[in-house]
Each structure stands twice: as structure tokens, then as C-alpha cells.
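Peer 1: Below is data-v7.cif; it holds mmCIF, C-alpha atoms.
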```
data_input
#
loop_
_atom_site.label_atom_id
_atom_site.label_comp_id
_atom_site.auth_asym_id
_atom_site.auth_seq_id
_atom_site.Cartn_x
_atom_site.Cartn_y
_atom_site.Cartn_z
CA MET A 7 40.89 17.30 5.09
CA SER A 8 40.20 19.53 8.07
CA LYS A 9 37.75 18.43 10.73
CA HIS A 10 34.96 20.90 11.43
CA THR A 11 34.34 21.65 15.09
CA SER A 12 31.67 23.77 16.68
CA ASN A 13 30.93 25.20 20.07
CA ASP A 14 27.18 25.05 19.38
CA THR A 15 25.64 22.98 22.20
CA SER A 16 22.00 23.40 21.16
CA ASN A 17 21.68 19.80 19.97
CA ASP A 18 23.18 18.52 23.22
CA THR A 19 20.69 20.67 25.14
CA VAL A 20 17.78 19.25 23.17
CA ASN A 21 18.97 15.68 23.69
CA VAL A 22 19.46 16.19 27.44
CA THR A 23 16.05 17.85 27.74
CA ALA A 24 14.40 14.99 25.85
CA THR A 25 16.12 12.44 28.09
CA VAL A 26 15.01 14.21 31.25
CA ALA A 27 11.45 14.51 29.93
CA ASP A 28 11.34 10.81 29.12
CA ALA A 29 12.66 9.94 32.56
CA ALA A 30 9.99 12.12 34.13
CA GLY A 31 7.27 10.40 32.17
CA ASP A 32 6.62 13.45 30.00
CA ARG A 33 7.20 11.72 26.68
CA PRO A 34 4.53 12.81 24.16
CA ALA A 35 1.69 10.34 23.88
CA ASP A 36 1.67 8.00 20.91
CA PRO A 37 -0.48 9.39 18.11
CA SER A 38 -4.04 8.14 17.83
CA ALA A 39 -6.28 7.76 14.80
CA ASP A 40 -8.07 10.94 15.92
CA ASP A 41 -4.86 12.80 15.13
CA LEU A 42 -5.01 11.61 11.51
CA ALA A 43 -6.77 13.56 8.78
CA THR A 44 -9.75 11.95 7.08
CA VAL A 45 -8.95 10.24 3.83
CA ASP A 46 -10.44 13.00 1.67
CA SER A 47 -9.07 15.89 3.72
CA PRO A 48 -7.44 18.67 1.65
CA ALA A 49 -4.47 18.60 4.07
CA ALA A 50 -1.17 18.60 2.21
CA VAL A 51 0.58 15.33 1.47
CA ASP A 52 4.20 16.39 1.89
CA GLY A 53 5.55 12.91 2.61
CA PRO A 54 4.23 9.41 3.24
CA THR A 55 1.05 10.21 5.16
CA ALA A 56 -1.37 7.90 6.93
CA ARG A 57 -5.03 8.85 6.99
CA ARG A 58 -7.91 7.82 9.24
CA PRO A 59 -9.28 4.31 8.54
CA TYR A 60 -12.82 3.74 7.30
CA ALA A 61 -15.10 0.78 6.60
CA VAL A 62 -16.23 -0.25 3.12
CA GLY A 63 -18.61 -3.07 4.06
CA ASP A 64 -18.45 -6.86 4.47
CA GLY A 65 -16.28 -6.47 7.55
CA ILE A 66 -13.47 -4.77 5.60
CA THR A 67 -11.73 -1.61 6.77
CA VAL A 68 -9.33 0.47 4.69
CA VAL A 69 -6.14 1.65 6.37
CA PRO A 70 -5.28 4.45 3.94
CA ALA A 71 -2.08 6.34 3.30
CA TYR A 72 -0.87 8.63 0.54
CA LEU A 73 2.50 9.18 -1.08
CA PRO A 74 3.42 12.43 -2.84
CA VAL A 75 4.67 12.12 -6.40
CA PRO A 76 6.16 15.51 -7.34
CA GLY A 77 4.75 16.92 -10.53
CA MET A 78 2.22 14.09 -10.87
CA GLY A 79 -0.04 14.20 -7.82
CA VAL A 80 -0.50 11.65 -5.06
CA LEU A 81 -0.56 7.87 -4.94
CA PRO A 82 -2.73 5.89 -2.51
CA ALA A 83 -0.89 3.28 -0.42
CA ASN A 84 -3.64 1.26 1.23
CA SER A 85 -3.66 -1.65 3.62
CA PHE A 86 -6.80 -3.48 4.74
CA VAL A 87 -8.22 -5.25 7.78
CA VAL A 88 -10.70 -8.10 7.29
CA ASP A 89 -12.74 -8.64 10.45
CA GLY A 90 -13.70 -11.95 12.00
CA PRO A 91 -12.71 -14.41 14.71
CA GLU A 92 -9.26 -14.57 13.08
CA PRO A 93 -8.64 -11.00 11.87
CA LEU A 94 -6.60 -10.62 8.69
CA LEU A 95 -4.34 -7.69 7.77
CA VAL A 96 -3.50 -7.14 4.11
CA ASP A 97 -0.05 -5.48 3.82
CA THR A 98 1.50 -3.33 6.53
CA GLY A 99 1.60 0.25 5.30
CA PRO A 100 4.30 2.29 3.58
CA GLY A 101 7.69 3.16 4.95
CA GLY A 102 7.77 6.71 6.23
CA ALA A 103 4.22 6.58 7.61
CA GLU A 104 4.81 4.00 10.32
CA GLU A 105 3.50 5.98 13.30
CA GLY A 106 0.29 6.93 11.55
CA PHE A 107 -0.27 3.41 10.22
CA ARG A 108 0.20 1.92 13.66
CA ALA A 109 -2.20 4.41 15.23
CA ALA A 110 -4.77 3.66 12.55
CA LEU A 111 -4.41 -0.09 13.02
CA ARG A 112 -4.74 0.20 16.81
CA SER A 113 -8.00 2.13 16.34
CA ILE A 114 -9.47 -0.86 14.49
CA LEU A 115 -8.27 -3.68 16.76
CA ASP A 116 -5.61 -4.67 19.20
CA PRO A 117 -2.76 -5.80 16.91
CA ALA A 118 -2.23 -8.78 19.25
CA ASP A 119 -5.60 -10.11 18.05
CA LEU A 120 -4.40 -10.47 14.47
CA ARG A 121 -4.17 -14.06 13.29
CA TRP A 122 -3.24 -13.58 9.63
CA ILE A 123 -1.15 -11.15 7.60
CA TRP A 124 -1.42 -11.39 3.81
CA LEU A 125 1.69 -9.84 2.28
CA THR A 126 1.04 -9.22 -1.40
CA HIS A 127 4.71 -8.43 -2.10
CA THR A 128 7.81 -7.01 -0.48
CA ASP A 129 8.04 -3.44 -1.81
CA PRO A 130 8.70 -0.73 0.83
CA ASP A 131 5.20 0.71 0.44
CA HIS A 132 3.75 -2.64 1.57
CA VAL A 133 6.13 -3.76 4.33
CA GLY A 134 6.65 -0.50 6.23
CA SER A 135 5.47 -1.90 9.57
CA LEU A 136 5.84 -5.63 8.90
CA GLN A 137 8.39 -6.29 11.63
CA TRP A 138 6.37 -4.26 14.12
CA VAL A 139 3.16 -6.13 13.26
CA LEU A 140 4.89 -9.50 13.61
CA ASP A 141 6.20 -8.43 17.00
CA GLN A 142 2.83 -7.08 18.15
CA ALA A 143 0.86 -10.07 16.84
CA PRO A 144 2.82 -13.15 17.95
CA ALA A 145 -0.03 -15.50 17.04
CA ALA A 146 -0.38 -14.20 13.48
CA ARG A 147 0.79 -16.23 10.50
CA LEU A 148 2.27 -14.58 7.43
CA ILE A 149 0.64 -15.56 4.14
CA THR A 150 3.01 -14.96 1.25
CA THR A 151 5.13 -16.75 -1.33
CA TYR A 152 8.41 -18.62 -1.48
CA LEU A 153 10.00 -15.84 -3.53
CA ALA A 154 8.73 -13.14 -1.18
CA VAL A 155 10.40 -14.85 1.76
CA GLY A 156 13.67 -15.00 -0.17
CA LYS A 157 13.52 -11.25 -0.72
CA LEU A 158 12.41 -10.52 2.83
CA GLY A 159 15.35 -12.50 4.14
CA MET A 160 17.67 -9.78 2.85
CA GLN A 161 15.88 -7.22 5.03
CA MET A 162 14.84 -9.00 8.22
CA ALA A 163 14.78 -12.28 10.08
CA VAL A 164 11.82 -14.20 8.68
CA PRO A 165 9.95 -16.41 11.21
CA MET A 166 9.78 -19.56 9.09
CA ASP A 167 7.51 -21.37 11.55
CA ARG A 168 4.86 -18.65 11.11
CA LEU A 169 4.68 -18.74 7.32
CA TYR A 170 1.83 -19.94 5.12
CA TRP A 171 2.96 -20.22 1.49
CA VAL A 172 0.53 -19.74 -1.39
CA ASN A 173 0.69 -19.70 -5.17
CA PRO A 174 -1.87 -18.46 -7.69
CA GLY A 175 -4.80 -20.85 -7.44
CA THR A 176 -4.28 -21.70 -3.76
CA THR A 177 -7.40 -21.32 -1.63
CA ILE A 178 -7.45 -20.73 2.11
CA GLU A 179 -10.40 -20.53 4.50
CA VAL A 180 -10.26 -17.57 6.90
CA ASN A 181 -13.21 -16.39 9.01
CA GLY A 182 -15.61 -18.46 6.93
CA ARG A 183 -14.34 -16.75 3.78
CA THR A 184 -12.81 -18.59 0.85
CA LEU A 185 -9.77 -16.62 -0.25
CA ARG A 186 -8.28 -17.60 -3.60
CA ALA A 187 -4.78 -16.44 -4.44
CA VAL A 188 -4.55 -14.92 -7.92
CA ARG A 189 -1.86 -13.47 -10.13
CA PRO A 190 -2.90 -9.87 -10.75
CA PRO A 191 -2.81 -8.66 -14.37
CA SER A 192 -0.16 -6.02 -13.62
CA PHE A 193 2.60 -5.97 -11.03
CA ASP A 194 6.07 -4.62 -10.37
CA ALA A 195 7.45 -7.51 -8.31
CA PRO A 196 7.46 -11.16 -9.43
CA GLU A 197 6.30 -12.46 -6.05
CA THR A 198 3.08 -10.41 -6.16
CA THR A 199 0.04 -12.44 -5.14
CA ALA A 200 -3.39 -10.85 -4.91
CA PHE A 201 -6.49 -12.66 -3.75
CA TYR A 202 -10.23 -12.86 -4.31
CA ASP A 203 -12.65 -13.04 -1.38
CA HIS A 204 -15.54 -15.08 -2.78
CA SER A 205 -17.95 -14.32 0.07
CA ALA A 206 -17.50 -10.54 -0.23
CA GLY A 207 -17.11 -10.44 -4.02
CA THR A 208 -13.95 -8.46 -3.41
CA LEU A 209 -10.66 -8.55 -5.30
CA PHE A 210 -7.65 -7.45 -3.26
CA SER A 211 -5.58 -6.57 -6.31
CA ALA A 212 -2.17 -5.52 -4.88
CA ASP A 213 -0.72 -2.85 -7.23
CA SER A 214 -3.12 -3.58 -10.10
CA PHE A 215 -5.63 -0.85 -11.02
CA GLY A 216 -3.64 1.76 -9.14
CA ALA A 217 -3.83 5.36 -10.32
CA LEU A 218 -2.05 8.61 -9.69
CA LEU A 219 -4.59 11.13 -8.42
CA GLN A 220 -4.76 14.89 -8.20
CA ARG A 221 -5.96 14.72 -4.59
CA PRO A 222 -6.95 12.14 -1.97
CA VAL A 223 -10.51 10.81 -2.23
CA ALA A 224 -12.50 8.17 -0.37
CA GLU A 225 -13.83 6.24 -3.36
CA ALA A 226 -12.63 5.65 -6.91
CA ALA A 227 -16.08 6.67 -8.13
CA ASP A 228 -15.30 10.18 -6.85
CA VAL A 229 -12.49 10.52 -9.40
CA HIS A 230 -13.50 12.16 -12.70
CA PRO A 231 -13.57 9.47 -15.42
CA ASP A 232 -10.92 11.26 -17.48
CA ASP A 233 -8.65 11.64 -14.46
CA LEU A 234 -9.15 7.99 -13.58
CA ARG A 235 -8.24 6.93 -17.11
CA ASP A 236 -5.15 9.13 -17.25
CA GLY A 237 -4.03 8.32 -13.72
CA LEU A 238 -4.45 4.57 -14.14
CA THR A 239 -2.66 4.54 -17.48
CA LEU A 240 0.25 6.60 -16.19
CA TRP A 241 0.66 4.58 -13.01
CA SER A 242 0.47 1.28 -14.90
CA THR A 243 3.24 2.32 -17.29
CA ILE A 244 5.40 3.34 -14.30
CA ASP A 245 4.65 0.38 -12.03
CA SER A 246 4.49 -2.31 -14.74
CA PRO A 247 6.62 -0.96 -17.61
CA TRP A 248 6.58 -4.35 -19.31
CA LEU A 249 2.90 -3.79 -20.09
CA THR A 250 3.75 -1.29 -22.83
CA HIS A 251 5.56 -4.06 -24.72
CA THR A 252 2.85 -6.70 -24.17
CA ASP A 253 0.61 -7.95 -26.94
CA ARG A 254 -2.81 -6.43 -26.36
CA ALA A 255 -4.74 -9.51 -27.51
CA SER A 256 -2.77 -11.79 -25.20
CA PHE A 257 -3.19 -9.41 -22.29
CA GLY A 258 -6.89 -9.19 -23.07
CA ARG A 259 -7.23 -12.91 -22.40
CA THR A 260 -5.53 -12.41 -19.03
CA VAL A 261 -7.86 -9.65 -17.92
CA ASP A 262 -10.88 -11.56 -19.23
CA GLU A 263 -10.04 -14.31 -16.75
CA LEU A 264 -10.04 -11.69 -14.04
CA ARG A 265 -13.31 -10.24 -15.30
CA GLY A 266 -14.76 -13.72 -15.01
CA LEU A 267 -14.40 -13.59 -11.23
CA GLY A 268 -17.33 -11.19 -11.17
CA ALA A 269 -15.82 -9.01 -8.45
CA ARG A 270 -18.18 -6.24 -7.42
CA ARG A 271 -15.47 -4.48 -5.44
CA VAL A 272 -11.79 -3.90 -6.17
CA LEU A 273 -9.47 -3.00 -3.32
CA SER A 274 -6.15 -1.95 -4.78
CA ALA A 275 -3.17 -0.81 -2.76
CA HIS A 276 -2.93 2.20 -5.05
CA LEU A 277 -6.52 3.21 -5.76
CA PRO A 278 -9.35 4.30 -3.46
CA PRO A 279 -11.91 1.51 -2.96
CA ALA A 280 -13.72 0.82 -6.22
CA GLU A 281 -17.31 -0.36 -5.87
CA GLY A 282 -19.33 -1.42 -8.90
CA ILE A 283 -16.84 -0.25 -11.54
CA THR A 284 -14.78 -3.41 -12.04
CA ASP A 285 -15.57 -3.68 -15.74
CA ARG A 286 -14.50 -0.07 -16.29
CA LEU A 287 -11.21 -0.67 -14.48
CA VAL A 288 -10.54 -3.80 -16.51
CA ASP A 289 -11.35 -1.94 -19.73
CA LEU A 290 -8.95 0.86 -18.79
CA LEU A 291 -6.13 -1.52 -17.92
CA SER A 292 -6.72 -3.38 -21.20
CA THR A 293 -5.69 -0.26 -23.13
CA VAL A 294 -2.24 0.01 -21.53
CA PRO A 295 -0.45 -2.59 -23.72
CA GLY A 296 1.00 -0.76 -26.69
CA SER A 297 0.86 2.63 -24.98
CA THR A 298 3.83 4.98 -24.81
CA PRO A 299 6.42 3.87 -22.24
CA TRP A 300 6.94 6.25 -19.36
CA VAL A 301 10.29 8.04 -19.23
CA GLY A 302 11.31 9.64 -15.96
CA PRO A 303 12.90 13.07 -15.44
CA ASP A 304 16.58 13.30 -16.40
CA GLN A 305 19.59 15.06 -14.87
CA ALA A 306 18.65 18.39 -16.43
CA ALA A 307 15.25 18.16 -14.75
CA LEU A 308 16.90 17.34 -11.43
CA GLU A 309 19.18 20.35 -11.67
CA GLN A 310 16.21 22.56 -12.48
CA LEU A 311 14.35 21.17 -9.48
CA LEU A 312 17.31 21.71 -7.17
CA SER A 313 17.67 25.28 -8.43
CA ALA A 314 14.02 25.98 -7.68
CA VAL A 315 14.32 24.50 -4.19
CA THR A 316 17.46 26.40 -3.28
CA ALA A 317 16.48 29.70 -4.90
#
```
Output the structure of this file as C-alpha cells.

Peer 2:
Amino acid sequence: MSKHTSNDTSNDTVNVTATVADAAGDRPADPSADDLATVDSPAAVDGPTARRPYAVGDGITVVPAYLPVPGMGVLPANSFVVDGPEPLLVDTGPGGAEEGFRAALRSILDPADLRWIWLTHTDPDHVGSLQWVLDQAPAARLITTYLAVGKLGMQMAVPMDRLYWVNPGTTIEVNGRTLRAVRPPSFDAPETTAFYDHSAGTLFSADSFGALLQRPVAEAADVHPDDLRDGLTLWSTIDSPWLTHTDRASFGRTVDELRGLGARRVLSAHLPPAEGITDRLVDLLSTVPGSTPWVGPDQAALEQLLSAVTA
């Protein structure tokens, strides 16, 4: 096999220029939250994209991001900050949007002030900046599960002395709030642990109640009811494919337990904040068992896509 050589020095020139600029202190400033589009901006979502954070009440701030899903729309990828003397971060943003997530987080608080990080599970859209947050917040403890730590250990060095392990049913007091770990009704990773904030009447539901959307919006109530139904059903069959083979009556008992929490607000990683529509979300999710399993595009579709891109 012959080795390709080139006399093109443009890349070397760029690298030398960048090095000189850095040495001269001309490195571009880190992005700020002001550089981020608002959550409902019509700006294109061409890749994992952080958006500007916004408050939803009860000392809770959404750190939003969106992921493009070609041919289907966009998927929210939210994290959350819970304010108080011991600030709590729920998940650490998606991979691919690290700079924007970090800028958004810094606009809410100094990351060094964080005292708790609740990691719902270890998927890449939830741990994008986990190592960075742990480094920036040396006093923060990581709330997660035994299984999550086992999976994380294949990706990074886990600080065992900073862990706080929970299981469904565990309660923990943070900032005067009673947080109860719960198993969400749908999930794509076995370690997934959501939680209910009793004082705020808020369910942090991890992947549950997520929905593919046609465009970014600030609140789930802004999504047309038909689009919410279709988007939630589609996402649930993709994210939790086992649901399509689950007995509907048995699943109904599971979601009834969740309904019994009386949550007035649902904060899903994959849905805009949902205020006052918990029963509707539960009803929609209850229809997924027995629905048609999702089947992804095949090789013929890939070849067609590649042809369109290269045409």
C-alpha cells in the first residue's frame, strides 16, 4: 500500500498560528450563556446543542440541550440545577454539547459550589460533562447506584469516597427537601434511578415521558396534544423497546403507583418541563404496551441517505 504524501502546509500554518495566538493571550474567550440561543429559538439543531438555561420555579433551573434525530425531529436532553445551601445538579449534559453545557452551568452558579450530583444513569446524553463537573466541584458527592458505578468504571476513574448510593425507595434530605429515589416506569438502562422532590411536587423522571418533537419549545404544554402523543409514543418504543412486549394491565399498576405520588410537575431529561399535565403524560405512557415495535432504518435507507448527502 502506497503512503500518501502532500506538500500542503496549510494545517501546519493554522496550528502554528493557533499556538502563537495562545501564547500571546489571544485565545478566544470561553463561551458564555449569552452566546447560547434561547430554548425555543428557531435556530437549527445540527448537532448536540446546548440552549440558555431558564427557571421553572421552586428553585429549579433547567439546563436544556437538544439532539437532532434525522427524519424524526429533535430530542430534548435536559439537566437541572436545584438551588439551596447545598446546590444539586441532576445529570451533566450530553456528549457533543460540553462547551455550551458548561457555559450554561456557570451562568447559574460557580460549579465549585455544587455539593451534590444526581446521576440518573450512565448514558452518553447524561454524563457528557461528568468528569469536568467532578473536577470543578471537588466538594460534591455523586448520588447514583451500585450498577451505575460499575458501568462508569469502564469509562473513567470513579471517586469511590465521593459516592452516595441509592436504590428505589431510598430517601435523602438535601436543602430541606426530601428526595425519594424511584424506579421510573420506562428506561433504557437498568441502573436508571429517578427521584421525587416532595417539597416541590416535582418528579425528576430520567428518560421517562420523553418525546421526539418537531421543534424546541420551553414547555411541554406548548406541544400540540397530537404531537405530544405521537412523539412520546415513538420515543418510548425507541428508548424502552421492552415496553411494546409488556402486559398493559401489569404496566398500568406500575404507572398507577407513580400517579399516586401526585406530582404537579414532571422534569424529564427528554421532554420540556411539564407543569400540571402529569395525568395526561401517565395516560399516554400507559398506551405504549402492546404498540407496534419501532424498527430502525436499514442498509438500503443508509445508502439512500449517503447518496443524497454526496449528490

Peer 1: Given the file shown, enumerate the residues that the PyMOL selection byres ((chain A and resi 72-85) around 8) captures and present them as a PyMOL selection string.

Peer 2: chain A and resi 51-57+68-71+86-87+95-100+131-132+216-222+274-278

Peer 1: So how far away is atom CA of A:Val272 from atom CA of A:Leu249, in Å?

Peer 2: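 These atoms are spaced 20.2 Å apart.
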
Peer 1: Using the chain letters and numbers from the file, which residues does the PyMOL selection byres ((chain A and resi 152) around 8) grab, as a ChimeraX atom specification?

Peer 2: /A:150-151,153-156,171-172,197

Peer 1: Smallest atom-to-atom distance to A:Arg183: which of A:Ala206, A:Leu111, A:Ala280, A:Val261, using only C-alpha atoms?

Peer 2: A:Ala206

Peer 1: Which residue is closest to A:Val180? Choose from A:Pro59, A:Pro91, A:Gly302, A:Gly282 and count all atoms listed in the file.

Peer 2: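 Closest to A:Val180 of all the choices is A:Pro91.
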
Peer 1: List the spatial neighbours of stretch 252-260 of chain A as a ChimeraX atom specification - criterion: any atom at most 7 Å away, all atoms listed in the file, same-chain residues fewer than 6 positions off excluded.

Peer 2: /A:191,292,295-296

Peer 1: Can you tell me, as lines of an AutoDock Vina configuration file, the centre and edge lengths (Å, one decimal) of the axis-aligned box enclosing all of stretch 78-92 of chain A's listed atoms after padding each side by 3 Å?

Peer 2:
```
center_x = -5.7
center_y = -0.2
center_z = 1.9
size_x = 21.9
size_y = 34.8
size_z = 31.6
```

Peer 1: Using all atoms listed in the file, determine which residues lie at most 10 Å from A:Asp64, disregarding the query and same-chain residues fewer than 4 positions distant; provide the list as a PyMOL selection string.

Peer 2: chain A and resi 88-89+205-208

Peer 1: Go ahead and save the residues from that selection, with C-alpha atoms, as an mmCIF file, in the coordinates of the input.

Peer 2:
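Dumped everything to result-v7.cif:
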```cif
data_model
loop_
_atom_site.group_PDB
_atom_site.id
_atom_site.type_symbol
_atom_site.label_atom_id
_atom_site.label_comp_id
_atom_site.auth_asym_id
_atom_site.auth_seq_id
_atom_site.Cartn_x
_atom_site.Cartn_y
_atom_site.Cartn_z
ATOM 1 C CA VAL A 88 -10.700 -8.100 7.290
ATOM 2 C CA ASP A 89 -12.740 -8.640 10.450
ATOM 3 C CA SER A 205 -17.950 -14.320 0.070
ATOM 4 C CA ALA A 206 -17.500 -10.540 -0.230
ATOM 5 C CA GLY A 207 -17.110 -10.440 -4.020
ATOM 6 C CA THR A 208 -13.950 -8.460 -3.410
#
```

Peer 1: What is the distance, in Å and to one decimal place, between atom CA of A:Gly268 and atom CA of A:Phe201?

Peer 2: 13.2 Å

Peer 1: Any idea what the distance is between atom CA of A:Asp232 and atom CA of A:Ala195?

Peer 2: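 Separation of atom CA of A:Asp232 and atom CA of A:Ala195: 27.8 Å.
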